[in-house]
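The next block is entry-v7.pdb, given as PDB, C-alpha atoms.
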ATOM      1  CA  MET A   2     -40.336  27.122  65.162
ATOM      2  CA  SER A   3     -37.286  26.169  67.182
ATOM      3  CA  ILE A   4     -33.969  24.899  65.945
ATOM      4  CA  ILE A   5     -34.010  21.161  66.633
ATOM      5  CA  ILE A   6     -30.843  20.138  68.484
ATOM      6  CA  ASP A   7     -29.977  16.847  66.791
ATOM      7  CA  GLY A   8     -28.193  14.812  69.444
ATOM      8  CA  LYS A   9     -28.181  11.739  67.244
ATOM      9  CA  ALA A  10     -26.165  13.486  64.532
ATOM     10  CA  SER A  11     -23.792  15.054  67.065
ATOM     11  CA  ALA A  12     -23.259  11.675  68.714
ATOM     12  CA  ALA A  13     -22.467  10.077  65.339
ATOM     13  CA  ARG A  14     -19.798  12.701  64.631
ATOM     14  CA  LEU A  15     -18.195  12.226  68.056
ATOM     15  CA  ARG A  16     -18.331   8.471  67.626
ATOM     16  CA  GLU A  17     -16.367   8.737  64.367
ATOM     17  CA  ARG A  18     -13.676  10.823  66.068
ATOM     18  CA  ILE A  19     -13.416   8.340  68.958
ATOM     19  CA  ALA A  20     -13.043   5.427  66.533
ATOM     20  CA  ALA A  21     -10.252   7.215  64.665
ATOM     21  CA  TYR A  22      -8.457   8.155  67.886
ATOM     22  CA  THR A  23      -8.776   4.581  69.146
ATOM     23  CA  ALA A  24      -7.264   3.191  65.946
ATOM     24  CA  ASP A  25      -4.311   5.579  66.293
ATOM     25  CA  LEU A  26      -3.913   4.666  69.959
ATOM     26  CA  LYS A  27      -3.640   0.988  69.053
ATOM     27  CA  ALA A  28      -1.309   1.544  66.113
ATOM     28  CA  GLN A  29       1.057   4.014  67.774
ATOM     29  CA  HIS A  30       1.038   2.863  71.414
ATOM     30  CA  GLY A  31      -0.400  -0.652  71.467
ATOM     31  CA  VAL A  32      -3.163   0.451  73.834
ATOM     32  CA  THR A  33      -6.714  -0.898  73.492
ATOM     33  CA  PRO A  34      -9.280   0.879  75.678
ATOM     34  CA  GLY A  35     -11.150  -1.598  77.862
ATOM     35  CA  LEU A  36     -14.671  -1.086  79.208
ATOM     36  CA  ALA A  37     -16.221  -3.410  81.794
ATOM     37  CA  THR A  38     -19.945  -3.475  82.486
ATOM     38  CA  VAL A  39     -21.509  -4.951  85.619
ATOM     39  CA  LEU A  40     -25.191  -5.863  85.608
ATOM     40  CA  VAL A  41     -27.009  -7.253  88.638
ATOM     41  CA  GLY A  42     -30.286  -9.033  87.924
ATOM     42  CA  ASN A  43     -32.282  -9.143  84.687
ATOM     43  CA  ASP A  44     -34.266  -5.908  84.527
ATOM     44  CA  PRO A  45     -35.221  -5.613  80.834
ATOM     45  CA  ALA A  46     -34.448  -1.893  80.543
ATOM     46  CA  SER A  47     -31.061  -2.297  82.225
ATOM     47  CA  GLU A  48     -30.237  -5.255  79.982
ATOM     48  CA  VAL A  49     -30.948  -3.115  76.915
ATOM     49  CA  TYR A  50     -28.806  -0.235  78.209
ATOM     50  CA  VAL A  51     -25.870  -2.508  78.992
ATOM     51  CA  ARG A  52     -26.141  -4.389  75.707
ATOM     52  CA  ASN A  53     -26.077  -1.102  73.767
ATOM     53  CA  LYS A  54     -23.015   0.062  75.672
ATOM     54  CA  ARG A  55     -21.198  -3.191  74.991
ATOM     55  CA  LYS A  56     -22.086  -3.126  71.285
ATOM     56  CA  THR A  57     -20.903   0.475  70.966
ATOM     57  CA  ALA A  58     -17.621  -0.297  72.733
ATOM     58  CA  GLU A  59     -16.931  -3.240  70.432
ATOM     59  CA  ALA A  60     -17.847  -1.233  67.329
ATOM     60  CA  LEU A  61     -15.310   1.427  68.320
ATOM     61  CA  GLY A  62     -12.549  -1.150  68.721
ATOM     62  CA  PHE A  63     -12.597  -1.282  72.516
ATOM     63  CA  LYS A  64     -12.159  -4.407  74.582
ATOM     64  CA  SER A  65     -15.520  -5.204  76.194
ATOM     65  CA  VAL A  66     -15.802  -7.188  79.434
ATOM     66  CA  HIS A  67     -19.136  -8.046  81.012
ATOM     67  CA  VAL A  68     -19.959  -9.347  84.480
ATOM     68  CA  GLY A  69     -23.539 -10.536  84.934
ATOM     69  CA  LEU A  70     -24.666 -11.358  88.456
ATOM     70  CA  PRO A  71     -27.959 -12.744  89.831
ATOM     71  CA  ALA A  72     -30.444 -10.354  91.440
ATOM     72  CA  ASP A  73     -29.858 -11.949  94.850
ATOM     73  CA  VAL A  74     -26.068 -11.627  94.740
ATOM     74  CA  ALA A  75     -24.476 -10.924  98.114
ATOM     75  CA  GLN A  76     -22.915  -7.544  98.776
ATOM     76  CA  ASP A  77     -19.497  -9.117  99.407
ATOM     77  CA  GLU A  78     -19.531 -10.931  96.060
ATOM     78  CA  LEU A  79     -20.458  -7.779  94.144
ATOM     79  CA  LEU A  80     -17.697  -5.860  95.905
ATOM     80  CA  ARG A  81     -15.239  -8.649  95.092
ATOM     81  CA  GLN A  82     -16.118  -8.454  91.412
ATOM     82  CA  VAL A  83     -15.802  -4.658  91.323
ATOM     83  CA  ARG A  84     -12.429  -4.744  93.081
ATOM     84  CA  ALA A  85     -11.177  -7.421  90.679
ATOM     85  CA  LEU A  86     -12.069  -5.210  87.711
ATOM     86  CA  SER A  87     -10.417  -2.241  89.407
ATOM     87  CA  ALA A  88      -7.215  -4.321  89.647
ATOM     88  CA  ASP A  89      -7.373  -5.552  86.011
ATOM     89  CA  ALA A  90      -4.797  -3.624  83.963
ATOM     90  CA  THR A  91      -6.660  -4.323  80.694
ATOM     91  CA  VAL A  92      -9.820  -2.619  81.989
ATOM     92  CA  HIS A  93      -9.722   1.188  81.885
ATOM     93  CA  GLY A  94     -13.382   1.961  82.538
ATOM     94  CA  ILE A  95     -15.955   0.303  84.784
ATOM     95  CA  LEU A  96     -19.694   0.870  84.600
ATOM     96  CA  VAL A  97     -21.930  -0.593  87.302
ATOM     97  CA  GLN A  98     -25.472  -0.364  85.958
ATOM     98  CA  LEU A  99     -27.745   1.431  88.415
ATOM     99  CA  PRO A 100     -30.094   1.143  90.176
ATOM    100  CA  LEU A 101     -29.019  -1.952  92.087
ATOM    101  CA  PRO A 102     -31.466  -4.253  93.895
ATOM    102  CA  LYS A 103     -32.593  -2.764  97.205
ATOM    103  CA  HIS A 104     -30.626  -5.178  99.391
ATOM    104  CA  LEU A 105     -27.332  -3.830  97.983
ATOM    105  CA  ASP A 106     -25.515  -0.717  99.200
ATOM    106  CA  GLU A 107     -24.885   1.443  96.110
ATOM    107  CA  ALA A 108     -22.619   3.842  97.987
ATOM    108  CA  ALA A 109     -20.368   0.997  99.128
ATOM    109  CA  VAL A 110     -20.153  -0.314  95.560
ATOM    110  CA  LEU A 111     -19.183   3.102  94.211
ATOM    111  CA  ASP A 112     -16.605   3.463  96.978
ATOM    112  CA  ALA A 113     -15.041   0.173  95.842
ATOM    113  CA  LEU A 114     -14.465   1.525  92.313
ATOM    114  CA  ASP A 115     -11.040   2.815  91.346
ATOM    115  CA  PRO A 116     -11.842   6.510  90.676
ATOM    116  CA  ALA A 117      -9.489   6.448  87.677
ATOM    117  CA  LYS A 118     -11.812   3.830  86.097
ATOM    118  CA  ASP A 119     -15.090   5.443  87.199
ATOM    119  CA  VAL A 120     -16.332   6.380  83.730
ATOM    120  CA  ASP A 121     -19.778   7.328  85.064
ATOM    121  CA  ALA A 122     -17.985   9.824  87.377
ATOM    122  CA  LEU A 123     -20.110   8.919  90.405
ATOM    123  CA  THR A 124     -17.414   8.290  93.021
ATOM    124  CA  PRO A 125     -16.858  10.942  95.710
ATOM    125  CA  THR A 126     -13.357  11.488  94.315
ATOM    126  CA  ASN A 127     -14.587  12.406  90.839
ATOM    127  CA  ALA A 128     -17.441  14.502  92.228
ATOM    128  CA  GLY A 129     -14.903  16.448  94.290
ATOM    129  CA  LEU A 130     -12.568  16.894  91.317
ATOM    130  CA  LEU A 131     -15.464  18.301  89.290
ATOM    131  CA  LEU A 132     -16.279  20.766  92.067
ATOM    132  CA  SER A 133     -12.656  21.923  92.144
ATOM    133  CA  GLY A 134     -12.444  22.222  88.358
ATOM    134  CA  ARG A 135      -9.887  19.423  87.988
ATOM    135  CA  ALA A 136     -11.979  16.501  86.707
ATOM    136  CA  HIS A 137     -10.932  14.423  83.700
ATOM    137  CA  LEU A 138     -13.930  12.105  83.969
ATOM    138  CA  VAL A 139     -17.309  13.844  83.959
ATOM    139  CA  SER A 140     -20.768  12.278  84.270
ATOM    140  CA  CYS A 141     -21.774  11.262  80.757
ATOM    141  CA  THR A 142     -25.186  12.878  80.275
ATOM    142  CA  PRO A 143     -24.110  16.314  81.588
ATOM    143  CA  ALA A 144     -20.992  16.088  79.413
ATOM    144  CA  GLY A 145     -23.209  15.363  76.415
ATOM    145  CA  VAL A 146     -25.388  18.373  77.218
ATOM    146  CA  MET A 147     -22.355  20.648  77.314
ATOM    147  CA  LEU A 148     -21.162  19.349  73.942
ATOM    148  CA  LEU A 149     -24.584  20.074  72.430
ATOM    149  CA  LEU A 150     -24.592  23.575  73.900
ATOM    150  CA  LYS A 151     -21.097  24.205  72.535
ATOM    151  CA  GLU A 152     -22.153  23.057  69.062
ATOM    152  CA  TYR A 153     -25.554  24.742  68.848
ATOM    153  CA  VAL A 154     -25.211  27.780  71.127
ATOM    154  CA  GLY A 155     -21.512  28.524  71.410
ATOM    155  CA  ASP A 156     -20.311  30.702  74.266
ATOM    156  CA  ILE A 157     -22.780  30.624  77.169
ATOM    157  CA  ALA A 158     -20.840  32.973  79.465
ATOM    158  CA  GLY A 159     -23.188  35.280  81.351
ATOM    159  CA  LYS A 160     -26.351  33.474  80.302
ATOM    160  CA  GLU A 161     -28.885  32.487  82.963
ATOM    161  CA  ALA A 162     -29.249  28.708  83.228
ATOM    162  CA  LEU A 163     -31.844  26.817  85.243
ATOM    163  CA  VAL A 164     -31.355  23.129  86.032
ATOM    164  CA  ILE A 165     -34.544  21.445  87.234
ATOM    165  CA  GLY A 166     -33.361  18.365  89.121
ATOM    166  CA  ARG A 167     -30.584  17.812  91.635
ATOM    167  CA  SER A 168     -29.574  14.173  91.173
ATOM    168  CA  LEU A 169     -26.017  12.965  91.605
ATOM    169  CA  LEU A 170     -26.167  11.433  88.142
ATOM    170  CA  PHE A 171     -27.213  14.595  86.317
ATOM    171  CA  GLY A 172     -28.421  17.710  88.126
ATOM    172  CA  LYS A 173     -25.458  18.389  90.402
ATOM    173  CA  PRO A 174     -22.704  17.740  87.832
ATOM    174  CA  ALA A 175     -24.636  19.633  85.147
ATOM    175  CA  ALA A 176     -24.796  22.706  87.390
ATOM    176  CA  GLN A 177     -21.031  22.519  87.981
ATOM    177  CA  LEU A 178     -20.275  22.259  84.266
ATOM    178  CA  LEU A 179     -22.537  25.206  83.461
ATOM    179  CA  LEU A 180     -20.809  27.226  86.168
ATOM    180  CA  ALA A 181     -17.416  26.272  84.746
ATOM    181  CA  ALA A 182     -18.621  27.645  81.393
ATOM    182  CA  ASN A 183     -19.402  30.947  83.194
ATOM    183  CA  ALA A 184     -23.181  30.699  83.068
ATOM    184  CA  THR A 185     -25.209  32.057  85.987
ATOM    185  CA  VAL A 186     -26.781  28.908  87.375
ATOM    186  CA  THR A 187     -29.898  28.252  89.437
ATOM    187  CA  MET A 188     -30.779  24.742  90.627
ATOM    188  CA  ALA A 189     -34.425  23.921  91.190
ATOM    189  CA  HIS A 190     -36.180  20.782  92.379
ATOM    190  CA  SER A 191     -39.510  19.377  93.519
ATOM    191  CA  ARG A 192     -39.636  21.690  96.543
ATOM    192  CA  SER A 193     -38.685  24.896  94.743
ATOM    193  CA  ARG A 194     -41.294  27.632  94.989
ATOM    194  CA  ASP A 195     -42.868  28.982  91.802
ATOM    195  CA  LEU A 196     -40.914  26.922  89.295
ATOM    196  CA  PRO A 197     -42.617  28.579  86.314
ATOM    197  CA  ALA A 198     -41.346  31.993  87.407
ATOM    198  CA  LEU A 199     -37.800  30.649  87.816
ATOM    199  CA  ALA A 200     -37.994  29.013  84.400
ATOM    200  CA  ARG A 201     -39.150  32.195  82.641
ATOM    201  CA  ARG A 202     -35.859  33.906  83.565
ATOM    202  CA  ALA A 203     -33.679  31.217  82.008
ATOM    203  CA  ASP A 204     -31.779  31.637  78.757
ATOM    204  CA  ILE A 205     -30.937  27.928  79.066
ATOM    205  CA  LEU A 206     -33.572  25.684  80.634
ATOM    206  CA  VAL A 207     -32.470  22.145  81.507
ATOM    207  CA  ALA A 208     -35.240  19.769  82.599
ATOM    208  CA  ALA A 209     -34.239  16.582  84.437
ATOM    209  CA  ILE A 210     -36.986  16.006  86.961
ATOM    210  CA  GLY A 211     -38.403  12.698  85.691
ATOM    211  CA  LYS A 212     -41.993  13.840  85.156
ATOM    212  CA  PRO A 213     -43.500  13.463  81.675
ATOM    213  CA  GLU A 214     -44.202  16.754  79.895
ATOM    214  CA  PHE A 215     -43.890  18.632  83.186
ATOM    215  CA  VAL A 216     -42.465  21.848  81.712
ATOM    216  CA  LYS A 217     -45.074  23.763  79.715
ATOM    217  CA  ALA A 218     -44.661  26.331  76.955
ATOM    218  CA  ASP A 219     -45.671  29.239  79.194
ATOM    219  CA  TRP A 220     -42.716  28.439  81.469
ATOM    220  CA  ILE A 221     -40.246  29.151  78.678
ATOM    221  CA  LYS A 222     -38.640  32.488  77.946
ATOM    222  CA  PRO A 223     -39.148  33.231  74.223
ATOM    223  CA  GLY A 224     -36.013  32.239  72.343
ATOM    224  CA  ALA A 225     -34.522  30.221  75.218
ATOM    225  CA  VAL A 226     -32.549  27.025  74.695
ATOM    226  CA  VAL A 227     -34.431  24.045  76.130
ATOM    227  CA  ILE A 228     -32.499  20.893  77.012
ATOM    228  CA  ASP A 229     -34.807  17.977  77.855
ATOM    229  CA  VAL A 230     -33.029  15.197  79.769
ATOM    230  CA  GLY A 231     -36.175  13.272  80.675
ATOM    231  CA  ILE A 232     -37.026   9.863  79.251
ATOM    232  CA  ASN A 233     -40.520   8.770  80.278
ATOM    233  CA  ARG A 234     -42.603   5.946  78.874
ATOM    234  CA  VAL A 235     -46.303   6.836  78.626
ATOM    235  CA  GLU A 236     -49.380   5.273  77.096
ATOM    236  CA  ALA A 237     -50.230   6.187  73.528
ATOM    237  CA  GLU A 238     -53.168   5.439  71.247
ATOM    238  CA  GLY A 239     -54.037   1.815  70.647
ATOM    239  CA  GLY A 240     -52.620   0.642  73.952
ATOM    240  CA  LYS A 241     -49.035   1.233  72.835
ATOM    241  CA  THR A 242     -46.409   3.224  74.694
ATOM    242  CA  LYS A 243     -44.187   6.070  73.565
ATOM    243  CA  LEU A 244     -41.219   7.982  74.943
ATOM    244  CA  VAL A 245     -41.647  11.599  75.990
ATOM    245  CA  GLY A 246     -39.400  14.005  77.822
ATOM    246  CA  ASP A 247     -39.904  16.249  80.814
ATOM    247  CA  VAL A 248     -40.924  19.090  78.475
ATOM    248  CA  ALA A 249     -44.216  19.339  76.578
ATOM    249  CA  TYR A 250     -42.325  19.289  73.293
ATOM    250  CA  ASP A 251     -44.924  20.272  70.706
ATOM    251  CA  GLU A 252     -45.986  23.422  72.517
ATOM    252  CA  ALA A 253     -42.503  24.280  73.805
ATOM    253  CA  ALA A 254     -41.002  24.111  70.316
ATOM    254  CA  LYS A 255     -43.202  27.055  69.321
ATOM    255  CA  VAL A 256     -41.578  29.275  71.963
ATOM    256  CA  ALA A 257     -38.001  28.075  72.395
ATOM    257  CA  GLY A 258     -35.139  29.228  70.194
ATOM    258  CA  ALA A 259     -33.652  25.726  70.211
ATOM    259  CA  ILE A 260     -34.813  22.467  71.779
ATOM    260  CA  THR A 261     -33.761  18.836  72.131
ATOM    261  CA  PRO A 262     -36.293  16.190  71.064
ATOM    262  CA  VAL A 263     -37.029  12.960  72.948
ATOM    263  CA  PRO A 264     -35.861  10.584  71.647
ATOM    264  CA  GLY A 265     -32.969  11.778  69.486
ATOM    265  CA  GLY A 266     -31.639  14.530  71.716
ATOM    266  CA  VAL A 267     -29.609  14.251  74.896
ATOM    267  CA  GLY A 268     -29.979  10.484  75.270
ATOM    268  CA  ALA A 269     -28.085   9.869  72.039
ATOM    269  CA  MET A 270     -25.033  11.590  73.538
ATOM    270  CA  THR A 271     -24.831   9.595  76.769
ATOM    271  CA  ILE A 272     -23.332   6.334  75.499
ATOM    272  CA  VAL A 273     -20.832   8.032  73.206
ATOM    273  CA  CYS A 274     -19.673  10.250  76.107
ATOM    274  CA  LEU A 275     -19.208   7.077  78.159
ATOM    275  CA  MET A 276     -16.884   5.833  75.415
ATOM    276  CA  HIS A 277     -15.071   9.169  75.421
ATOM    277  CA  ASN A 278     -14.518   8.828  79.166
ATOM    278  CA  THR A 279     -13.158   5.300  78.666
ATOM    279  CA  LEU A 280     -10.745   6.620  76.063
ATOM    280  CA  ILE A 281      -9.612   9.372  78.451
ATOM    281  CA  ALA A 282      -9.130   6.804  81.229
ATOM    282  CA  ALA A 283      -7.055   4.551  78.937
ATOM    283  CA  CYS A 284      -4.785   7.431  77.951
ATOM    284  CA  ALA A 285      -4.380   8.560  81.570
ATOM    285  CA  ARG A 286      -3.517   5.023  82.710
ATOM    286  CA  ASN A 287      -0.782   4.819  80.090
ATOM    287  CA  GLY A 288       0.672   8.298  80.610
ATOM    288  CA  LEU A 289      -0.521   9.583  77.243
ATOM    289  CA  PRO A 290      -2.047  12.995  76.386
ATOM    290  CA  LEU A 291      -5.754  13.128  77.176
ATOM    291  CA  PRO A 292      -8.150  13.457  74.201
ATOM    292  CA  GLN A 293     -10.199  16.268  75.724
ATOM    293  CA  GLN A 294     -11.101  18.045  72.494
ATOM    294  CA  LEU A 295     -12.241  15.347  70.074
TER     295      LEU A 295
END
Encoded form using structure tokens:
Amino acid sequence: MSIIIDGKASAARLRERIAAYTADLKAQHGVTPGLATVLVGNDPASEVYVRNKRKTAEALGFKSVHVGLPADVAQDELLRQVRALSADATVHGILVQLPLPKHLDEAAVLDALDPAKDVDALTPTNAGLLLSGRAHLVSCTPAGVMLLLKEYVGDIAGKEALVIGRSLLFGKPAAQLLLAANATVTMAHSRSRDLPALARRADILVAAIGKPEFVKADWIKPGAVVIDVGINRVEAEGGKTKLVGDVAYDEAAKVAGAITPVPGGVGAMTIVCLMHNTLIAACARNGLPLPQQL
């Protein structure tokens, strides 16, 4: 059986280090990291995500600011709110919960964010800094994946990595981070030919395609590390629902050398990496050393 990569435990350890660093930051420099969340509409899943982020920020000793807007908010009003947060000196990180309602221009909203406060690292500025190897703020889920790989695998230089998925939120930044760690990286997607053959070459297989249990055991190179980024809600027995990843976990765990479960794997790292980014942004704003190696 595989080693189970326990993202929940890793996230708890990082959370403790962030809380300690935050306490020192307040005591020694009088700086309280501030995180602002912006939620448009009342989508239940988005409300849960934002509420969890706010609760985590407050538990770590951060200042938490929330802007809730109606689903039919005008583009100009949303942009006004984002620009006001960008100008607020007590706010160091801004998270606009995506996706936005269809009548809103997400690109324009991201362009209105101060890149120094873009703790989701989605602005063109932060994407370009990542490409050039100069980013301080890195997209949270890919950053969490790299921390798990560092803890459970160690040096990945020279290993073949396959990223299935090319989204701005995960696939593209994940590929850049793997490259920066000197892995040999292939990106695949829904139009890639013979995905199983590509997957069987990978020492590190990262699935982020958004299809439940899409990756099967016979796709996996024996002993490979499998990182499952997918979170899919499917029907279970008795009319209930359950969460599954993009990998057929039970069968894959018999082949892989190490694997992340869903839930309890990568997802557990995302919020705590958002807090880490907010801490980095607060230090940068105040001219203090950046806490890169917590």
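When all atoms listed in the file are used to measure the gap to A:Asp115, the shortest distance among A:Arg286, A:Ile205, A:Leu196, A:Thr142 belongs to A:Arg286.
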Residue IDs satisfying the PyMOL selection byres ((chain A and resi 53-61) around 9), as number ranges by chain
A: 16-17, 19-21, 23-24, 34-38, 48-52, 62-67, 272-273, 275-276
Which residues match the PyMOL selection byres ((chain A and resi 129-138) around 10) in the file above, as a PyMOL selection string?
chain A and resi 116-128+139-141+144+173-174+176-178+180-181+274-275+277-279+281-282+285+291-293
Which residues, written as an mmCIF file with C-alpha atoms, in the frame of the given file, have at least one atom at most 12 Å from A:Gln82, with only C-alpha atoms counted and residues fewer than 3 positions away on the same chain left out?
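Output (part-v4.cif):
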data_model
loop_
_atom_site.group_PDB
_atom_site.id
_atom_site.type_symbol
_atom_site.label_atom_id
_atom_site.label_comp_id
_atom_site.auth_asym_id
_atom_site.auth_seq_id
_atom_site.Cartn_x
_atom_site.Cartn_y
_atom_site.Cartn_z
ATOM 1 C CA ALA A 37 -16.221 -3.410 81.794
ATOM 2 C CA THR A 38 -19.945 -3.475 82.486
ATOM 3 C CA VAL A 39 -21.509 -4.951 85.619
ATOM 4 C CA LEU A 40 -25.191 -5.863 85.608
ATOM 5 C CA VAL A 41 -27.009 -7.253 88.638
ATOM 6 C CA HIS A 67 -19.136 -8.046 81.012
ATOM 7 C CA VAL A 68 -19.959 -9.347 84.480
ATOM 8 C CA GLY A 69 -23.539 -10.536 84.934
ATOM 9 C CA LEU A 70 -24.666 -11.358 88.456
ATOM 10 C CA VAL A 74 -26.068 -11.627 94.740
ATOM 11 C CA ALA A 75 -24.476 -10.924 98.114
ATOM 12 C CA GLN A 76 -22.915 -7.544 98.776
ATOM 13 C CA ASP A 77 -19.497 -9.117 99.407
ATOM 14 C CA GLU A 78 -19.531 -10.931 96.060
ATOM 15 C CA LEU A 79 -20.458 -7.779 94.144
ATOM 16 C CA ALA A 85 -11.177 -7.421 90.679
ATOM 17 C CA LEU A 86 -12.069 -5.210 87.711
ATOM 18 C CA SER A 87 -10.417 -2.241 89.407
ATOM 19 C CA ALA A 88 -7.215 -4.321 89.647
ATOM 20 C CA ASP A 89 -7.373 -5.552 86.011
ATOM 21 C CA ILE A 95 -15.955 0.303 84.784
ATOM 22 C CA VAL A 97 -21.930 -0.593 87.302
ATOM 23 C CA VAL A 110 -20.153 -0.314 95.560
ATOM 24 C CA ALA A 113 -15.041 0.173 95.842
ATOM 25 C CA LEU A 114 -14.465 1.525 92.313
#
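The closest residue to A:Asp112, picked from A:Ala90, A:Gly145, A:Leu80, A:His30 and counting only C-alpha atoms, is A:Leu80.
Each of A:Ala208, A:Gly258, A:Ala175, A:Ala269 was compared to A:Arg14 using only C-alpha atoms, and A:Ala269 turns out to be the nearest.
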Selection dump of the PyMOL selection byres ((chain A and resi 216-231) around 8), as number ranges by chain:
A: 146, 197-198, 200-215, 232-233, 245-249, 252-263, 266-268
Can those selected residues be exported to a file as a PDB file, in the frame of the given file so that it contains C-alpha atoms?
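Okay, this is what ended up in selection34.pdb:
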ATOM      1  CA  VAL A 146     -25.388  18.373  77.218  1.00  0.00           C
ATOM      2  CA  PRO A 197     -42.617  28.579  86.314  1.00  0.00           C
ATOM      3  CA  ALA A 198     -41.346  31.993  87.407  1.00  0.00           C
ATOM      4  CA  ALA A 200     -37.994  29.013  84.400  1.00  0.00           C
ATOM      5  CA  ARG A 201     -39.150  32.195  82.641  1.00  0.00           C
ATOM      6  CA  ARG A 202     -35.859  33.906  83.565  1.00  0.00           C
ATOM      7  CA  ALA A 203     -33.679  31.217  82.008  1.00  0.00           C
ATOM      8  CA  ASP A 204     -31.779  31.637  78.757  1.00  0.00           C
ATOM      9  CA  ILE A 205     -30.937  27.928  79.066  1.00  0.00           C
ATOM     10  CA  LEU A 206     -33.572  25.684  80.634  1.00  0.00           C
ATOM     11  CA  VAL A 207     -32.470  22.145  81.507  1.00  0.00           C
ATOM     12  CA  ALA A 208     -35.240  19.769  82.599  1.00  0.00           C
ATOM     13  CA  ALA A 209     -34.239  16.582  84.437  1.00  0.00           C
ATOM     14  CA  ILE A 210     -36.986  16.006  86.961  1.00  0.00           C
ATOM     15  CA  GLY A 211     -38.403  12.698  85.691  1.00  0.00           C
ATOM     16  CA  LYS A 212     -41.993  13.840  85.156  1.00  0.00           C
ATOM     17  CA  PRO A 213     -43.500  13.463  81.675  1.00  0.00           C
ATOM     18  CA  GLU A 214     -44.202  16.754  79.895  1.00  0.00           C
ATOM     19  CA  PHE A 215     -43.890  18.632  83.186  1.00  0.00           C
ATOM     20  CA  ILE A 232     -37.026   9.863  79.251  1.00  0.00           C
ATOM     21  CA  ASN A 233     -40.520   8.770  80.278  1.00  0.00           C
ATOM     22  CA  VAL A 245     -41.647  11.599  75.990  1.00  0.00           C
ATOM     23  CA  GLY A 246     -39.400  14.005  77.822  1.00  0.00           C
ATOM     24  CA  ASP A 247     -39.904  16.249  80.814  1.00  0.00           C
ATOM     25  CA  VAL A 248     -40.924  19.090  78.475  1.00  0.00           C
ATOM     26  CA  ALA A 249     -44.216  19.339  76.578  1.00  0.00           C
ATOM     27  CA  GLU A 252     -45.986  23.422  72.517  1.00  0.00           C
ATOM     28  CA  ALA A 253     -42.503  24.280  73.805  1.00  0.00           C
ATOM     29  CA  ALA A 254     -41.002  24.111  70.316  1.00  0.00           C
ATOM     30  CA  LYS A 255     -43.202  27.055  69.321  1.00  0.00           C
ATOM     31  CA  VAL A 256     -41.578  29.275  71.963  1.00  0.00           C
ATOM     32  CA  ALA A 257     -38.001  28.075  72.395  1.00  0.00           C
ATOM     33  CA  GLY A 258     -35.139  29.228  70.194  1.00  0.00           C
ATOM     34  CA  ALA A 259     -33.652  25.726  70.211  1.00  0.00           C
ATOM     35  CA  ILE A 260     -34.813  22.467  71.779  1.00  0.00           C
ATOM     36  CA  THR A 261     -33.761  18.836  72.131  1.00  0.00           C
ATOM     37  CA  PRO A 262     -36.293  16.190  71.064  1.00  0.00           C
ATOM     38  CA  VAL A 263     -37.029  12.960  72.948  1.00  0.00           C
ATOM     39  CA  GLY A 266     -31.639  14.530  71.716  1.00  0.00           C
ATOM     40  CA  VAL A 267     -29.609  14.251  74.896  1.00  0.00           C
ATOM     41  CA  GLY A 268     -29.979  10.484  75.270  1.00  0.00           C
TER      42      GLY A 268
END
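Put simply, atom CA of A:Met188 is 20.0 Å away from atom CA of A:Leu148.
Straight-line separation from atom CA of A:Asn43 to atom CA of A:Leu101: 10.8 Å.
If all atoms listed in the file are the atoms counted, then among A:Thr185, A:Ser47, A:Thr91, A:Ser193 the closest residue to A:Arg167 is A:Ser193.
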